[in-house]
Amino acid sequence: MFSLNLTPAAHHSYFPLPQKRFGCFPARFPIGSFTVRSSSSLQEVEKFTESSAEGKDLNSELYASDPLPPIKTSKRVVLVRHGQSTWNAEGRIQGSSNFSVLTKKGDAQAETSRQMLFDDAFDVCFSSPLVRSKRTAEIIWGDREEAILTDSELREIDLYSFQGLLKHEGKERFGAAYRQWQVDAANFNIDGHYPVRELWARARNCWDRILAHESRSVLVVAHNAVNQALVATALGLGAEYFRVLLQSNCGVSVLDFTPQVEGGSPIICLNRLNQTPNSPVASGSSGGRKAARRIVLVCHGVSETNEASSSFLDDKPMNMLGTIQSQKVAELLLDLKVSAVITSPKKACVDTAATISSVQEAADCLGADCVPRYVEMKQTSKLDVDNILDHFKQDVANVTVFEPGWLNKLDDVMITEVWNQSGEAWKSLLNEMADEKEPEKVIVVVGHPAILLGLVGWCLNLTKDWIGSFHLDAGSISVIDFPDGSNSRGVVRCINYTAHLGRWSIPITKPTVDDEEF
C-alpha cells in the first residue's frame with residue numbers, strides 16, 4: 001500500500017519543485033502571479049556572477065522571466081537539432097564555435113528528417129546562424145521559396161574556454177570546473193560566465209520573436225543545448241533541467257501553443273520530444289553516459305471504436321490498426337532485452353503487453369542452440385483509472401484520450417486523483433528498478449494514457465498542474481533512462497515517439513489551413 005498524499009520530493013530531490021508558470025496553465029486554472037524556478041534575465045546572470053566573485057554560494061533559484069506573449073491563433077513550433085557534425089564525431093566540445101560542418105552521416109540524418117517532415121505545412125523557418133545548423137535547415141527546407149530567417153540567439157550554448165577541446169582535454173585542464181559542468185551544469189561557471197543560465201535567458205528571448213511571427217506552423221533548426229532550453233522555458237522549467245530533456249542529432253520536438261480566450265500567455269503542450277531518425281532505444285547511453293536502468297512507457301494501439309481517439313472509459317480490444325501498432329512497438333523494442341512488462345488490466349493494454357513479451361521471447365529462440373527466455377508480465381490496477389472513475393463516469397464519458405489537450409477537460413478533483421495514483425505507480429516502478437539482481441534492467445510499462453502522462457510528470461518532479469502539458473498518441477513509446485542508477489534522477493530520452501509506426505502513425509505536423517486546433 002502506498003499513501004495517496006505523496007509529494008514529488010518524497011521520491012527525488014534532484015530537481016527543485018517548480019511551480020506552474022503563467023502560459024503553461026491549463027484552462028481550468030486562474031492566471032495569477034507566482035514566483036517560480038525558470039529562465040533568468042541577463043541582469044540576473046550578472047548578479048549571480050557578482051555574488052560568485054564575493055565567494056558566496058550559488059543555487060539555481062531563479063525567477064521566471066516575463067510570461068510568453070499572447071497569440072491570436074493556435075501555433076505549432078517544430079524544433080530540430082542539426083545532424084551529426086565533424087566535432088560531434090570527434091568528441092570535441094563545440095559550444096557556439098563555427099568550425100565544424102555536417103558529416104556524411106549528418107547530411108543523411110538531415111535528409112531523413114526532411115522526409116519525416118515532408119508533408120508538413122510550415123510557414124517559416126528560423127535557424128541558428130552556425131554552419132552545421134544552417135546546412136541542416138537548408139536540407140529540410142528544400143526548395144521552398146521563403147527565405148530561412150537566421151537568429152543569432154539560436155546559436156549553441158557559449159562555452160568560452162571549453163570550446164574546441166576534446167572532452168578528455170577539458171577534464172585534464174579544468175578539473176573541478178569540468179566536473180561541475182558534468183554534474184551541476186546550472187551552477188557551472190567559466191571565464192566569469194554562467195553558460196547555462198545565459199542560455200536560458202537567450203531561449204526565452206527567442207520565444208518572443210518566434211511567437212510574434214504571423215505564421216501558424218514554424219520550423220526551428222538549432223542545437224542540442226539551445227533546443228533543450230527552448231523546450232524548458234516554454235514549459236516554465238529552470239536551468240536545473242539541462243540534460244534532462246534530451247535532443248539527439250536531427251531529433252524533432254513539437255510544441256503546441258493555444259491562445260486563451262481571456263488573453264495572456266498561451267496554453268502550451270509538448271506534443272512530442274526528440275523523435276529521432278534512428279531508434280531511440282538502440283543506444284544504451286543518455287547524454288554520453290551508459291544507462292543500465294530504463295523504463296519504456298507504451299501507449300496501447302487503437303481500440304475497436306475504429307477511431308484515432310479512444311474513450312477515457314474504453315475497455316475494448318484493439319482493432320486491426322491497433323494490433324499492427326502493438327506489433328510495431330514490439331519490433332522496435334527488439335533492440336532491448338526487456339526484463340519485465342508491467343501492464344494495466346485493460347484489454348488493449350494486456351494484448352499490447354502480451355505481444356511485446358512474446359516477441360521478446362521468440363527473438364531469443366532464433367538460434368539452433370537457444371535457451372528460451374521467459375519475460376515476466378505483471379498486471380497492476382495502479383496503471384489504470386477504473387478505481388478513480390466511480391464518481392466521475394458521467395463527467396468523462398465523452399473525453400477521448402488521444403486528442404491534444406484532452407486532460408485539460410477534466411476537473412481539478414479528477415486530475416488530483418489521477419496524479420496521486422500515477423505517483424503510487426511511479427514509486428512502485430522505482431522499487432522494481434532498484435532490484436540489483438540484474439546488472440541491466442529494462443521495464444516496459446503499458447498503461448492508461450492519463451497514468452503514463454502522470455509518470456512523465458513524476459519523473460520530472462513536477463506537480464499535477466503540468467499533467468496536461470504533455471501528449472501521447474496510440475502506439476507511441478516514451479523512454480526514461482537512469483544513467484546514474486535507479487536512485488538518481490531520470491533523463492527523458494523521448495516522449496510520444498511514433499516514427500516506428502510508419503504509415504500506421506499520424507504525421508508530426510498537420511495542415512493548419514481552416515483548422516483552429518491541432
# chains A, B, ... in the order shown; residues from 1 in each chain; ligands from 1
call {"tool": "residues_around", "arguments": {"residues": "stretch 487-494 of chain A", "least_positions_apart": "2", "cutoff": "10 Å", "atoms": "only C-alpha atoms", "output": "tab-separated table (two decimals) with C-alpha atoms, in the first residue's frame"}}
result
chain	number	residue	atom	x	y	z
A	11	HIS	CA	10.96	10.30	-4.46
A	12	HIS	CA	13.51	12.65	-5.99
A	13	SER	CA	15.33	15.61	-4.57
A	14	TYR	CA	17.31	16.09	-7.76
A	15	PHE	CA	15.10	18.86	-9.09
A	241	TYR	CA	16.54	20.73	-16.24
A	242	PHE	CA	19.57	20.96	-18.53
A	243	ARG	CA	20.46	17.47	-19.85
A	244	VAL	CA	17.12	16.04	-18.69
A	245	LEU	CA	15.08	16.55	-21.89
A	246	LEU	CA	17.39	15.02	-24.49
A	247	GLN	CA	17.90	16.36	-28.02
A	248	SER	CA	19.67	13.94	-30.36
A	251	GLY	CA	15.76	14.84	-33.21
A	252	VAL	CA	12.35	16.51	-33.64
A	253	SER	CA	10.38	18.07	-30.79
A	272	ARG	CA	6.46	15.12	-28.64
A	273	LEU	CA	10.10	15.20	-27.59
A	274	ASN	CA	13.14	14.03	-29.54
A	275	GLN	CA	11.66	11.99	-32.39
A	276	THR	CA	14.90	10.80	-33.96
A	280	PRO	CA	15.51	5.86	-29.54
A	281	VAL	CA	16.21	2.57	-27.74
A	285	SER	CA	23.60	5.76	-23.25
A	286	SER	CA	21.99	9.05	-22.27
A	287	GLY	CA	23.96	12.19	-22.97
A	291	ALA	CA	22.11	3.77	-18.93
A	293	ARG	CA	18.32	1.13	-15.98
A	294	ARG	CA	15.49	2.15	-18.31
A	295	ILE	CA	11.70	2.50	-18.24
A	296	VAL	CA	9.78	2.41	-21.53
A	430	LEU	CA	11.29	2.78	-8.85
A	431	ASN	CA	11.16	-0.09	-6.36
A	433	MET	CA	14.08	-0.80	-10.86
A	434	ALA	CA	16.04	-0.89	-7.60
A	456	VAL	CA	6.35	11.62	-17.01
A	458	TRP	CA	6.64	12.46	-11.55
A	459	CYS	CA	9.90	11.64	-13.31
A	460	LEU	CA	10.45	15.38	-13.85
A	461	ASN	CA	9.46	16.17	-10.24
A	477	ILE	CA	6.63	5.00	-26.71
A	478	SER	CA	8.36	7.29	-24.22
A	479	VAL	CA	11.76	6.40	-22.78
A	480	ILE	CA	13.20	7.31	-19.36
A	481	ASP	CA	16.84	6.46	-18.65
A	482	PHE	CA	18.63	6.28	-15.31
A	483	PRO	CA	22.32	6.67	-16.25
A	484	ASP	CA	23.33	7.18	-12.61
A	485	GLY	CA	21.22	4.34	-11.20
A	496	ASN	CA	5.45	10.27	-27.74
A	497	TYR	CA	7.85	8.66	-30.22
call {"tool": "residues_around", "arguments": {"residues": "A:Ser128", "least_positions_apart": "4", "cutoff": "7 Å", "atoms": "only C-alpha atoms", "output": "PyMOL selection string"}}
result
chain A and resi 133-134+150-152+154-155+221-222
call {"tool": "write_last_selection", "arguments": {"atoms": "N, CA, C and O atoms", "output": "tab-separated table (two decimals), in the first residue's frame"}}
result
chain	number	residue	atom	x	y	z
A	133	SER	N	24.05	24.00	-38.29
A	133	SER	CA	22.59	24.14	-38.14
A	133	SER	C	21.97	24.69	-39.42
A	133	SER	O	20.93	24.19	-39.87
A	134	LYS	N	22.60	25.70	-39.99
A	134	LYS	CA	22.03	26.32	-41.18
A	134	LYS	C	21.98	25.33	-42.34
A	134	LYS	O	21.01	25.31	-43.12
A	150	THR	N	17.63	33.66	-40.00
A	150	THR	CA	18.64	33.32	-39.00
A	150	THR	C	18.50	34.23	-37.78
A	150	THR	O	18.17	35.41	-37.91
A	151	ASP	N	18.73	33.65	-36.62
A	151	ASP	CA	18.62	34.38	-35.36
A	151	ASP	C	19.85	34.03	-34.53
A	151	ASP	O	20.05	32.86	-34.16
A	152	SER	N	20.68	35.00	-34.23
A	152	SER	CA	21.94	34.74	-33.52
A	152	SER	C	21.70	34.15	-32.13
A	152	SER	O	22.56	33.44	-31.60
A	154	LEU	N	19.74	31.85	-31.43
A	154	LEU	CA	19.53	30.42	-31.57
A	154	LEU	C	20.86	29.65	-31.68
A	154	LEU	O	20.86	28.43	-31.83
A	155	ARG	N	21.99	30.36	-31.58
A	155	ARG	CA	23.29	29.68	-31.62
A	155	ARG	C	23.41	28.74	-30.41
A	155	ARG	O	22.66	28.87	-29.43
A	221	VAL	N	15.44	25.28	-36.52
A	221	VAL	CA	16.57	24.35	-36.60
A	221	VAL	C	17.74	24.97	-35.83
A	221	VAL	O	18.22	26.05	-36.18
A	222	ALA	N	18.18	24.28	-34.79
A	222	ALA	CA	19.23	24.84	-33.94
A	222	ALA	C	20.12	23.73	-33.39
A	222	ALA	O	20.58	22.88	-34.15
call {"tool": "closest_residue", "arguments": {"among": "A:Ala229, A:Ser344, A:Asp143, A:Arg503", "to": "A:Leu321", "atoms": "only C-alpha atoms"}}
result
A:Arg503
call {"tool": "atom_distance", "arguments": {"atom1": "atom CA of A:Val78", "atom2": "atom CA of A:Ala137"}}
result
12.0 Å
call {"tool": "residues_around", "arguments": {"residues": "A:Ser326", "least_positions_apart": "5", "cutoff": "10 Å", "atoms": "only C-alpha atoms", "output": "ChimeraX atom specification"}}
result
/A:298-302,318,320-321,331-332,348-349,351-356,474-476,501
call {"tool": "write_last_selection", "arguments": {"atoms": "N, CA, C and O atoms", "output": "short mmCIF file (atom, residue, chain, number, x, y, z; two decimals), in the first residue's frame"}}
result
data_model
loop_
_atom_site.label_atom_id
_atom_site.label_comp_id
_atom_site.auth_asym_id
_atom_site.auth_seq_id
_atom_site.Cartn_x
_atom_site.Cartn_y
_atom_site.Cartn_z
N VAL A 298 4.59 2.66 -22.81
CA VAL A 298 3.96 2.29 -24.08
C VAL A 298 2.47 2.59 -24.04
O VAL A 298 1.77 2.19 -23.11
N CYS A 299 2.00 3.31 -25.06
CA CYS A 299 0.56 3.52 -25.25
C CYS A 299 0.02 2.38 -26.12
O CYS A 299 0.59 2.08 -27.17
N HIS A 300 -1.07 1.77 -25.69
CA HIS A 300 -1.67 0.70 -26.49
C HIS A 300 -2.15 1.23 -27.84
O HIS A 300 -2.30 2.44 -28.05
N GLY A 301 -2.39 0.31 -28.78
CA GLY A 301 -2.89 0.70 -30.09
C GLY A 301 -4.35 1.09 -30.06
O GLY A 301 -5.03 1.01 -29.02
N VAL A 302 -4.87 1.50 -31.20
CA VAL A 302 -6.25 1.96 -31.33
C VAL A 302 -7.21 0.80 -31.02
O VAL A 302 -6.99 -0.33 -31.43
N MET A 318 -8.07 -4.16 -29.13
CA MET A 318 -7.63 -3.33 -30.25
C MET A 318 -8.25 -3.81 -31.56
O MET A 318 -8.54 -4.99 -31.73
N MET A 320 -7.78 -3.86 -35.93
CA MET A 320 -6.64 -4.32 -36.73
C MET A 320 -5.51 -3.31 -36.74
O MET A 320 -4.33 -3.66 -36.63
N LEU A 321 -5.86 -2.01 -36.84
CA LEU A 321 -4.83 -0.98 -36.81
C LEU A 321 -4.09 -1.01 -35.48
O LEU A 321 -2.85 -0.93 -35.43
N GLU A 331 8.43 -4.80 -32.28
CA GLU A 331 9.60 -4.88 -33.16
C GLU A 331 10.65 -3.83 -32.79
O GLU A 331 11.85 -4.11 -32.77
N LEU A 332 10.19 -2.61 -32.49
CA LEU A 332 11.12 -1.55 -32.09
C LEU A 332 11.90 -1.95 -30.84
O LEU A 332 13.11 -1.70 -30.73
N ALA A 348 -6.88 -3.77 -24.14
CA ALA A 348 -5.92 -3.26 -25.12
C ALA A 348 -4.51 -3.24 -24.55
O ALA A 348 -3.53 -3.52 -25.25
N CYS A 349 -4.39 -2.90 -23.26
CA CYS A 349 -3.07 -2.87 -22.62
C CYS A 349 -2.51 -4.28 -22.47
O CYS A 349 -1.32 -4.52 -22.77
N ASP A 351 -3.22 -6.96 -24.21
CA ASP A 351 -2.86 -7.50 -25.53
C ASP A 351 -1.56 -6.90 -26.04
O ASP A 351 -0.73 -7.60 -26.63
N THR A 352 -1.37 -5.60 -25.83
CA THR A 352 -0.11 -4.96 -26.24
C THR A 352 1.06 -5.54 -25.47
O THR A 352 2.11 -5.86 -26.04
N ALA A 353 0.89 -5.69 -24.15
CA ALA A 353 1.95 -6.24 -23.31
C ALA A 353 2.29 -7.67 -23.71
O ALA A 353 3.47 -8.06 -23.76
N ALA A 354 1.26 -8.47 -24.02
CA ALA A 354 1.48 -9.87 -24.41
C ALA A 354 2.26 -9.95 -25.73
O ALA A 354 3.13 -10.81 -25.90
N THR A 355 1.94 -9.04 -26.66
CA THR A 355 2.67 -9.01 -27.93
C THR A 355 4.15 -8.70 -27.71
O THR A 355 5.03 -9.37 -28.27
N ILE A 356 4.42 -7.69 -26.88
CA ILE A 356 5.82 -7.33 -26.59
C ILE A 356 6.55 -8.49 -25.94
O ILE A 356 7.68 -8.84 -26.32
N ALA A 474 -1.65 6.95 -29.83
CA ALA A 474 -1.78 5.49 -29.84
C ALA A 474 -0.52 4.86 -30.44
O ALA A 474 -0.02 5.31 -31.47
N GLY A 475 -0.01 3.82 -29.78
CA GLY A 475 1.15 3.11 -30.29
C GLY A 475 2.48 3.81 -30.05
O GLY A 475 3.51 3.38 -30.55
N SER A 476 2.47 4.89 -29.27
CA SER A 476 3.71 5.64 -29.02
C SER A 476 4.52 5.01 -27.90
O SER A 476 3.99 4.23 -27.08
N LEU A 501 5.99 3.55 -36.28
CA LEU A 501 4.69 3.14 -36.81
C LEU A 501 4.58 3.34 -38.31
O LEU A 501 3.68 2.78 -38.95
#
call {"tool": "select_by_dssp", "arguments": {"residues": "stretch 203-383 of chain A", "states": "strand (DSSP E or B)", "output": "PyMOL selection string"}}
result
chain A and resi 217-222+245+252-258+267-275+285-286+289-290+293-298+303+311+318+340-343+376-379
